[in-house]
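What follows is the content of coords32.txt (compact mmCIF, C-alpha atoms and all ligand atoms).
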# COMPACT_ATOMS: atom_id res chain seq x y z
CA MET A 10 -6.98 -24.63 -20.18
CA SER A 11 -9.14 -27.13 -18.29
CA VAL A 12 -9.62 -30.77 -19.28
CA LEU A 13 -12.90 -29.87 -20.97
CA GLY A 14 -11.15 -27.14 -22.90
CA VAL A 15 -12.59 -24.30 -20.83
CA ALA A 16 -10.15 -21.38 -20.67
CA MET A 17 -9.61 -20.13 -17.12
CA SER A 18 -10.20 -16.43 -16.50
CA LEU A 19 -9.13 -14.34 -13.55
CA LEU A 20 -11.71 -12.51 -11.49
CA ASP A 21 -9.72 -9.33 -11.07
CA GLY A 22 -11.06 -7.61 -7.95
CA LYS A 23 -8.43 -4.91 -8.08
CA ALA A 24 -9.54 -3.72 -11.52
CA LEU A 25 -13.25 -3.96 -10.71
CA SER A 26 -12.86 -2.17 -7.37
CA LYS A 27 -11.11 0.72 -9.15
CA LYS A 28 -14.12 1.10 -11.44
CA ILE A 29 -16.50 0.93 -8.47
CA LEU A 30 -14.49 3.57 -6.55
CA ALA A 31 -14.55 5.87 -9.59
CA SER A 32 -18.31 5.51 -9.80
CA LEU A 33 -18.68 6.06 -6.04
CA ALA A 34 -16.57 9.25 -6.26
CA LEU A 35 -19.10 10.64 -8.76
CA GLN A 36 -22.00 9.62 -6.55
CA VAL A 37 -20.34 11.26 -3.52
CA GLU A 38 -19.96 14.46 -5.56
CA ASN A 39 -23.67 14.34 -6.51
CA PHE A 40 -24.59 13.70 -2.87
CA LYS A 41 -22.55 16.72 -1.80
CA ASN A 42 -24.24 18.92 -4.40
CA GLN A 43 -27.65 17.73 -3.34
CA TYR A 44 -27.31 17.76 0.46
CA GLY A 45 -24.43 20.17 1.11
CA ARG A 46 -22.35 17.63 3.01
CA VAL A 47 -20.32 14.53 2.29
CA PRO A 48 -21.08 11.06 3.67
CA GLY A 49 -19.01 10.21 6.75
CA LEU A 50 -17.53 6.96 8.05
CA THR A 51 -16.23 6.60 11.60
CA VAL A 52 -13.94 3.68 12.41
CA ILE A 53 -13.33 2.61 16.00
CA LEU A 54 -9.93 1.04 16.52
CA VAL A 55 -9.15 -0.50 19.92
CA GLY A 56 -5.62 -1.54 20.80
CA GLU A 57 -2.46 -1.90 18.76
CA ASP A 58 -3.08 -4.97 16.57
CA PRO A 59 -0.79 -4.30 13.58
CA ALA A 60 -3.01 -6.04 11.01
CA SER A 61 -6.04 -4.03 12.19
CA ALA A 62 -4.02 -0.81 11.93
CA VAL A 63 -3.15 -1.67 8.30
CA TYR A 64 -6.79 -2.41 7.42
CA VAL A 65 -7.99 0.80 9.06
CA ARG A 66 -5.39 2.90 7.24
CA SER A 67 -6.40 1.39 3.96
CA LYS A 68 -10.12 2.08 4.61
CA HIS A 69 -9.27 5.66 5.59
CA LYS A 70 -7.23 6.23 2.42
CA SER A 71 -9.98 4.80 0.19
CA CYS A 72 -12.56 7.10 1.80
CA GLU A 73 -10.38 10.11 1.13
CA LYS A 74 -9.80 8.99 -2.44
CA ILE A 75 -13.50 9.18 -3.26
CA GLY A 76 -14.11 12.39 -1.29
CA MET A 77 -15.86 10.77 1.67
CA LYS A 78 -15.26 11.98 5.21
CA SER A 79 -13.36 9.47 7.31
CA GLU A 80 -12.57 9.61 10.98
CA VAL A 81 -10.60 7.03 12.98
CA LEU A 82 -11.18 6.97 16.74
CA ARG A 83 -8.32 5.18 18.50
CA PHE A 84 -8.68 3.73 21.99
CA SER A 85 -6.28 1.94 24.28
CA ASP A 86 -6.93 -1.77 24.82
CA GLN A 87 -7.70 -0.85 28.43
CA ILE A 88 -11.02 0.72 27.43
CA THR A 89 -13.98 -0.95 29.17
CA GLU A 90 -16.97 -2.39 27.34
CA ASP A 91 -19.21 0.28 28.92
CA GLN A 92 -16.94 3.11 27.75
CA LEU A 93 -16.93 1.69 24.23
CA ILE A 94 -20.70 1.34 24.20
CA GLU A 95 -21.04 4.94 25.45
CA LYS A 96 -18.89 6.13 22.54
CA ILE A 97 -21.00 4.17 20.07
CA ALA A 98 -24.17 5.66 21.58
CA SER A 99 -22.89 9.18 20.92
CA LEU A 100 -21.93 8.29 17.33
CA ASN A 101 -25.40 6.79 16.84
CA GLN A 102 -26.84 10.24 17.62
CA ASP A 103 -24.38 12.22 15.49
CA ALA A 104 -26.02 13.25 12.20
CA LYS A 105 -22.62 13.78 10.54
CA VAL A 106 -21.75 10.11 11.04
CA ASP A 107 -23.41 7.90 8.43
CA GLY A 108 -21.43 4.73 8.99
CA ILE A 109 -19.89 3.24 12.13
CA LEU A 110 -17.37 0.42 11.88
CA VAL A 111 -15.90 -1.32 14.91
CA GLN A 112 -12.62 -2.84 13.75
CA LEU A 113 -12.31 -6.46 14.88
CA PRO A 114 -10.88 -8.20 16.79
CA LEU A 115 -11.65 -6.44 20.06
CA PRO A 116 -9.63 -7.21 23.21
CA GLU A 117 -10.72 -10.35 25.05
CA HIS A 118 -12.34 -8.55 28.00
CA ILE A 119 -14.88 -6.99 25.63
CA ASP A 120 -17.87 -8.99 24.41
CA THR A 121 -17.79 -8.41 20.65
CA GLU A 122 -21.41 -9.42 20.03
CA SER A 123 -22.71 -7.01 22.71
CA VAL A 124 -20.71 -4.15 21.24
CA LEU A 125 -21.73 -4.82 17.63
CA ALA A 126 -25.38 -4.94 18.68
CA GLN A 127 -25.06 -1.35 20.01
CA VAL A 128 -24.33 0.13 16.59
CA ARG A 129 -27.50 1.68 15.21
CA TYR A 130 -28.51 -0.75 12.47
CA GLU A 131 -28.92 2.00 9.88
CA LYS A 132 -25.26 2.97 10.44
CA ASP A 133 -24.03 -0.62 10.57
CA VAL A 134 -21.97 -0.45 7.36
CA ASP A 135 -20.23 -3.74 8.20
CA GLY A 136 -23.61 -5.49 8.28
CA PHE A 137 -22.84 -7.28 11.55
CA HIS A 138 -25.86 -6.13 13.58
CA PRO A 139 -28.35 -8.95 14.28
CA PHE A 140 -31.13 -6.87 12.68
CA ASN A 141 -29.21 -6.74 9.41
CA SER A 142 -28.24 -10.43 9.62
CA GLY A 143 -31.90 -11.31 10.11
CA ARG A 144 -33.08 -9.19 7.20
CA LEU A 145 -30.42 -10.67 4.94
CA LEU A 146 -31.50 -14.18 5.87
CA ARG A 147 -35.12 -13.24 5.10
CA GLY A 148 -34.10 -11.92 1.68
CA GLN A 149 -34.94 -8.31 2.61
CA ASP A 150 -32.95 -5.17 1.94
CA ALA A 151 -30.19 -4.88 4.55
CA MET A 152 -26.70 -3.65 5.21
CA VAL A 153 -24.80 -6.68 3.91
CA PRO A 154 -21.32 -7.67 5.18
CA CYS A 155 -18.75 -6.24 2.80
CA THR A 156 -16.73 -9.33 1.87
CA PRO A 157 -19.63 -11.54 0.74
CA LEU A 158 -21.24 -8.53 -0.92
CA GLY A 159 -17.98 -7.99 -2.81
CA VAL A 160 -18.02 -11.61 -3.97
CA MET A 161 -21.55 -11.19 -5.35
CA GLU A 162 -20.48 -8.00 -7.20
CA LEU A 163 -17.49 -9.82 -8.70
CA LEU A 164 -19.76 -12.60 -9.96
CA ALA A 165 -22.37 -10.18 -11.31
CA ALA A 166 -19.80 -7.97 -13.04
CA HIS A 167 -18.54 -11.03 -14.94
CA GLN A 168 -22.07 -12.28 -15.74
CA ILE A 169 -21.48 -15.45 -13.76
CA ALA A 170 -24.94 -16.83 -13.08
CA VAL A 171 -25.66 -18.17 -9.62
CA ASP A 172 -29.30 -19.13 -10.10
CA GLY A 173 -29.73 -22.92 -10.06
CA LYS A 174 -26.03 -23.58 -9.38
CA ASP A 175 -24.66 -25.93 -6.73
CA ALA A 176 -22.49 -23.83 -4.43
CA VAL A 177 -20.22 -24.75 -1.55
CA VAL A 178 -19.19 -22.19 1.05
CA ILE A 179 -16.25 -23.26 3.20
CA GLY A 180 -16.48 -21.47 6.54
CA LYS A 181 -19.48 -20.50 8.65
CA SER A 182 -18.36 -17.31 10.39
CA ASN A 183 -20.85 -14.48 10.90
CA ILE A 184 -18.53 -12.19 8.93
CA VAL A 185 -18.06 -14.22 5.77
CA GLY A 186 -19.41 -17.78 5.60
CA LYS A 187 -22.98 -17.35 6.85
CA PRO A 188 -23.82 -14.12 4.99
CA MET A 189 -22.15 -15.56 1.86
CA ALA A 190 -24.38 -18.62 2.06
CA ALA A 191 -27.47 -16.41 2.57
CA LEU A 192 -26.63 -14.22 -0.44
CA LEU A 193 -26.05 -17.23 -2.70
CA MET A 194 -29.24 -18.88 -1.48
CA ASN A 195 -31.20 -15.65 -2.04
CA ALA A 196 -29.75 -15.55 -5.56
CA GLY A 197 -31.11 -19.03 -6.32
CA ALA A 198 -28.12 -21.29 -5.63
CA THR A 199 -28.32 -24.58 -3.76
CA VAL A 200 -25.83 -24.01 -0.99
CA SER A 201 -23.83 -26.39 1.20
CA VAL A 202 -22.02 -24.76 4.09
CA CYS A 203 -18.90 -26.69 5.15
CA HIS A 204 -16.72 -26.09 8.20
CA SER A 205 -14.06 -27.70 10.34
CA LYS A 206 -16.39 -30.51 11.41
CA THR A 207 -17.55 -31.39 7.90
CA LYS A 208 -16.81 -35.10 7.44
CA ASP A 209 -15.79 -35.10 3.80
CA LEU A 210 -15.14 -31.63 2.43
CA ALA A 211 -13.75 -32.97 -0.85
CA THR A 212 -17.01 -34.75 -1.76
CA TYR A 213 -19.03 -31.56 -1.33
CA CYS A 214 -16.52 -29.52 -3.32
CA ARG A 215 -16.25 -32.00 -6.19
CA HIS A 216 -19.96 -31.60 -6.93
CA ALA A 217 -19.94 -27.82 -6.79
CA ASP A 218 -20.31 -25.43 -9.72
CA LEU A 219 -19.16 -22.62 -7.43
CA ILE A 220 -16.85 -22.82 -4.40
CA VAL A 221 -16.26 -19.93 -2.02
CA SER A 222 -13.46 -20.73 0.41
CA ALA A 223 -13.32 -18.64 3.58
CA ALA A 224 -11.50 -20.88 6.05
CA GLY A 225 -8.15 -19.13 6.47
CA ARG A 226 -6.20 -22.34 5.75
CA PRO A 227 -3.48 -22.30 3.09
CA ASN A 228 -3.67 -25.10 0.51
CA LEU A 229 -7.08 -26.25 1.78
CA LEU A 230 -8.62 -26.51 -1.67
CA THR A 231 -6.61 -28.73 -3.98
CA GLU A 232 -6.99 -29.63 -7.63
CA ASP A 233 -8.53 -33.07 -6.93
CA MET A 234 -11.38 -31.36 -5.01
CA VAL A 235 -12.53 -29.18 -7.89
CA LYS A 236 -14.84 -30.11 -10.74
CA ASP A 237 -13.73 -29.17 -14.21
CA GLY A 238 -15.04 -25.74 -15.19
CA ALA A 239 -15.97 -24.73 -11.64
CA VAL A 240 -15.88 -21.13 -10.41
CA VAL A 241 -13.55 -20.73 -7.41
CA ILE A 242 -13.59 -17.71 -5.10
CA ASP A 243 -10.76 -17.53 -2.59
CA VAL A 244 -11.62 -15.31 0.37
CA GLY A 245 -8.80 -16.64 2.57
CA ILE A 246 -5.89 -14.43 3.54
CA ASN A 247 -2.97 -16.31 5.06
CA ARG A 248 0.51 -15.00 5.69
CA LEU A 249 3.09 -17.78 5.37
CA ASP A 250 6.27 -17.88 7.50
CA SER A 251 8.10 -16.62 4.42
CA GLY A 252 5.96 -13.46 4.59
CA ILE A 253 4.09 -14.31 1.37
CA LEU A 254 0.35 -13.75 1.34
CA VAL A 255 -1.75 -16.67 0.03
CA GLY A 256 -5.38 -17.69 0.02
CA ASP A 257 -6.98 -21.06 0.85
CA VAL A 258 -6.72 -22.37 -2.70
CA GLN A 259 -3.74 -24.10 -4.26
CA PHE A 260 -3.90 -21.60 -7.08
CA ASP A 261 -1.41 -23.02 -9.61
CA GLU A 262 -3.10 -26.41 -9.82
CA VAL A 263 -6.73 -25.46 -9.20
CA SER A 264 -6.67 -22.65 -11.76
CA LYS A 265 -5.97 -25.23 -14.52
CA LYS A 266 -9.42 -26.76 -13.93
CA CYS A 267 -11.52 -23.66 -13.30
CA SER A 268 -13.56 -21.49 -15.58
CA TRP A 269 -13.05 -18.52 -13.22
CA ILE A 270 -10.86 -17.99 -10.17
CA THR A 271 -9.88 -15.09 -7.91
CA PRO A 272 -6.21 -14.37 -7.24
CA VAL A 273 -4.87 -13.64 -3.74
CA PRO A 274 -4.02 -10.82 -3.35
CA GLY A 275 -6.04 -8.78 -5.84
CA GLY A 276 -9.31 -10.75 -5.81
CA VAL A 277 -11.82 -10.43 -3.00
CA GLY A 278 -9.73 -8.12 -0.75
CA PRO A 279 -10.06 -4.90 -2.78
CA MET A 280 -13.77 -5.59 -3.30
CA THR A 281 -14.32 -5.64 0.46
CA ILE A 282 -13.18 -2.03 0.88
CA ALA A 283 -15.16 -0.89 -2.15
CA MET A 284 -18.31 -2.44 -0.61
CA LEU A 285 -17.66 -0.69 2.70
CA LEU A 286 -17.72 2.66 0.92
CA LYS A 287 -20.79 1.62 -1.06
CA ASN A 288 -22.57 0.72 2.19
CA THR A 289 -21.57 4.06 3.74
CA LEU A 290 -23.00 5.97 0.80
CA LYS A 291 -26.17 3.85 1.01
CA ALA A 292 -26.49 4.69 4.73
CA ALA A 293 -26.08 8.40 3.98
CA GLN A 294 -28.66 8.29 1.18
CA GLN A 295 -31.13 6.44 3.39
CA PHE A 296 -30.61 8.98 6.18
CA GLU A 297 -31.27 11.90 3.81
CA SER A 298 -34.39 10.24 2.44
CA LEU A 299 -35.98 10.15 5.92
CA PRO A 300 -38.63 12.83 6.59
CA LYS A 301 -36.99 15.73 8.43
CA PRO A 302 -38.65 17.41 11.44
P1 LIG A 401 -13.05 -17.49 11.02
O1 LIG A 401 -14.00 -16.75 11.85
O2 LIG A 401 -11.80 -18.04 11.61
O3 LIG A 401 -13.85 -18.70 10.33
C1 LIG A 401 -13.20 -19.69 9.61
C2 LIG A 401 -14.20 -20.73 9.19
O4 LIG A 401 -13.52 -21.73 8.44
C3 LIG A 401 -14.86 -21.45 10.38
O5 LIG A 401 -16.23 -21.61 10.13
C4 LIG A 401 -14.13 -22.79 10.44
O6 LIG A 401 -14.94 -23.85 10.90
C5 LIG A 401 -13.81 -23.01 8.97
N1 LIG A 401 -12.64 -23.87 8.82
C6 LIG A 401 -11.42 -23.74 9.41
N2 LIG A 401 -10.61 -24.73 9.01
C7 LIG A 401 -11.32 -25.52 8.18
C8 LIG A 401 -11.02 -26.71 7.46
N3 LIG A 401 -9.84 -27.30 7.53
N4 LIG A 401 -11.98 -27.22 6.69
C9 LIG A 401 -13.21 -26.65 6.60
N5 LIG A 401 -13.54 -25.51 7.26
C10 LIG A 401 -12.61 -24.97 8.04
O7 LIG A 401 -12.55 -16.62 9.79
P2 LIG A 401 -13.32 -15.49 8.91
O8 LIG A 401 -13.32 -14.22 9.63
O9 LIG A 401 -14.59 -16.03 8.39
O10 LIG A 401 -12.29 -15.36 7.70
C11 LIG A 401 -11.97 -16.47 6.90
C12 LIG A 401 -10.77 -16.14 6.03
O11 LIG A 401 -11.11 -15.07 5.17
C13 LIG A 401 -9.53 -15.68 6.80
O12 LIG A 401 -8.39 -16.10 6.11
C14 LIG A 401 -9.63 -14.18 6.74
O13 LIG A 401 -8.37 -13.54 6.85
C15 LIG A 401 -10.21 -14.00 5.36
N6 LIG A 401 -10.96 -12.76 5.17
C16 LIG A 401 -10.69 -12.09 4.04
C17 LIG A 401 -11.38 -10.93 3.78
C18 LIG A 401 -11.09 -10.21 2.51
O14 LIG A 401 -11.43 -9.06 2.39
N7 LIG A 401 -10.49 -10.88 1.52
C19 LIG A 401 -12.32 -10.44 4.68
C20 LIG A 401 -12.60 -11.17 5.82
C21 LIG A 401 -11.91 -12.35 6.05
P3 LIG A 401 -15.57 -23.92 12.40
O15 LIG A 401 -16.66 -22.90 12.40
O16 LIG A 401 -16.06 -25.30 12.51
O17 LIG A 401 -14.44 -23.56 13.31
Using the file provided, produce a representation of the structure as structure tokens.
Amino acid sequence: MSVLGVAMSLLDGKALSKKILASLALQVENFKNQYGRVPGLTVILVGEDPASAVYVRSKHKSCEKIGMKSEVLRFSDQITEDQLIEKIASLNQDAKVDGILVQLPLPEHIDTESVLAQVRYEKDVDGFHPFNSGRLLRGQDAMVPCTPLGVMELLAAHQIAVDGKDAVVIGKSNIVGKPMAALLMNAGATVSVCHSKTKDLATYCRHADLIVSAAGRPNLLTEDMVKDGAVVIDVGINRLDSGILVGDVQFDEVSKKCSWITPVPGGVGPMTIAMLLKNTLKAAQQFESLPKP
């Protein structure tokens, strides 16, 4: 219970994502009946990064669970940028591939931005192509990056209004912070974007009705930085030396002051995968709605 007597509630991304996956499974079935094929996601995995391998396996399993086709193309970390771009070009032309995801990070000799810009924007289910970033910023329909999209779904599913609220986003990456800020701004929030060079993070946070932390720093957001009754979304995933997974938020203390808070794990993480599958289905539906020769 917060000081103002507001009971804290958990934003349970695991439970919500299960519901979303069940609904997507039905939509995939309908798609199959209508078009005689299932939507397909192709994931490109370069190198042997263990965390990336775990993420890719989990995406693959979720696709299979809802009846979507999933293919993982594995390449050695010796692949050149040109070879990778050539592969993407062939997937761009393949009508059976609705979504293309390049698992990050890529090896250092490859320019990530150049590679991401090669993915056909209609198949860019991660929403990282500059065309999609631009459309999102302009408030137009776009493929939206999965993590911030998942945050918006969590808020909407719990009827947490964003319109007119003061929001702080901690982190300004292209993957989370910037698209998160754009989505909140498009939804009517007044958004401050903080980062490692922000002079006084605590002052921004203390005024916020809604805080989204995506810094990747354990214990960054402490109880004294949070206004009573605030909504706190913890995007951070940090593995401590002990092996325990934590977010950016000092959960035990901060949760006493919040109206709503996401746990880590079980908050934003499962929503991210659900949104990837949602984007893939959207790409497939948009492809089928195009006039055929
Ligand atoms: P990133 O590219 O490393 O960006 C981190 C951002 O946080 C940067 O903008 C950085 O500022 C800012 N930052 C770092 N330390 C800070 C501090 N002490 N105070 C204020 N800002 C600080 O990371 P990312 O890819 O956006 O991911 C962020 C976190 O979310 C990571 O923990 C990642 O694992 C997690 N994540 C989770 C999911 C999920 O599904 N739950 C998905 C994606 C990412 P500068 O720009 O000034 O350096």
Quiz item: Hey, which residues come within 8 Å of ligand LIG 401 (chain A) if we count all atoms listed in the file? Could you give them as a PyMOL selection string?
Solution: chain A and resi 155-156+179-186+203-207+210+222-226+229+243-247+256-257+276-282
Quiz item: What is the distance between CA of Val153 (chain A) and CA of Val273 (chain A), in Å to one decimal?
Solution: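 Between these atoms lies a distance of 22.5 Å.
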Quiz item: What is the distance, in Å and to one decimal place, between CA of Asp233 (chain A) and CA of Asn195 (chain A)?
Solution: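 So the two atoms, CA of Asp233 (chain A) and CA of Asn195 (chain A), lie 29.0 Å apart.
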Quiz prompt | Point-to-point distance from CA of Tyr44 (chain A) to CA of Glu297 (chain A), Å rounded to tenths | solution =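 Here the two named atoms are 7.8 Å from each other.
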Exercise. Please identify all polymer residues within 7 Å of region 90-106 of chain A, counting only C-alpha atoms, omitting same-chain residues fewer than 2 positions from it, and present them as JSON, numbers by chain.
Key: {"A": [49, 50, 51, 88, 108, 119, 124, 127, 128, 129]}
Quiz item: Using all atoms listed in the file, which of A:Val258, A:Ser61, A:Ser264, A:Leu192 sits nearest Gly159 (chain A)?
Solution: A:Leu192
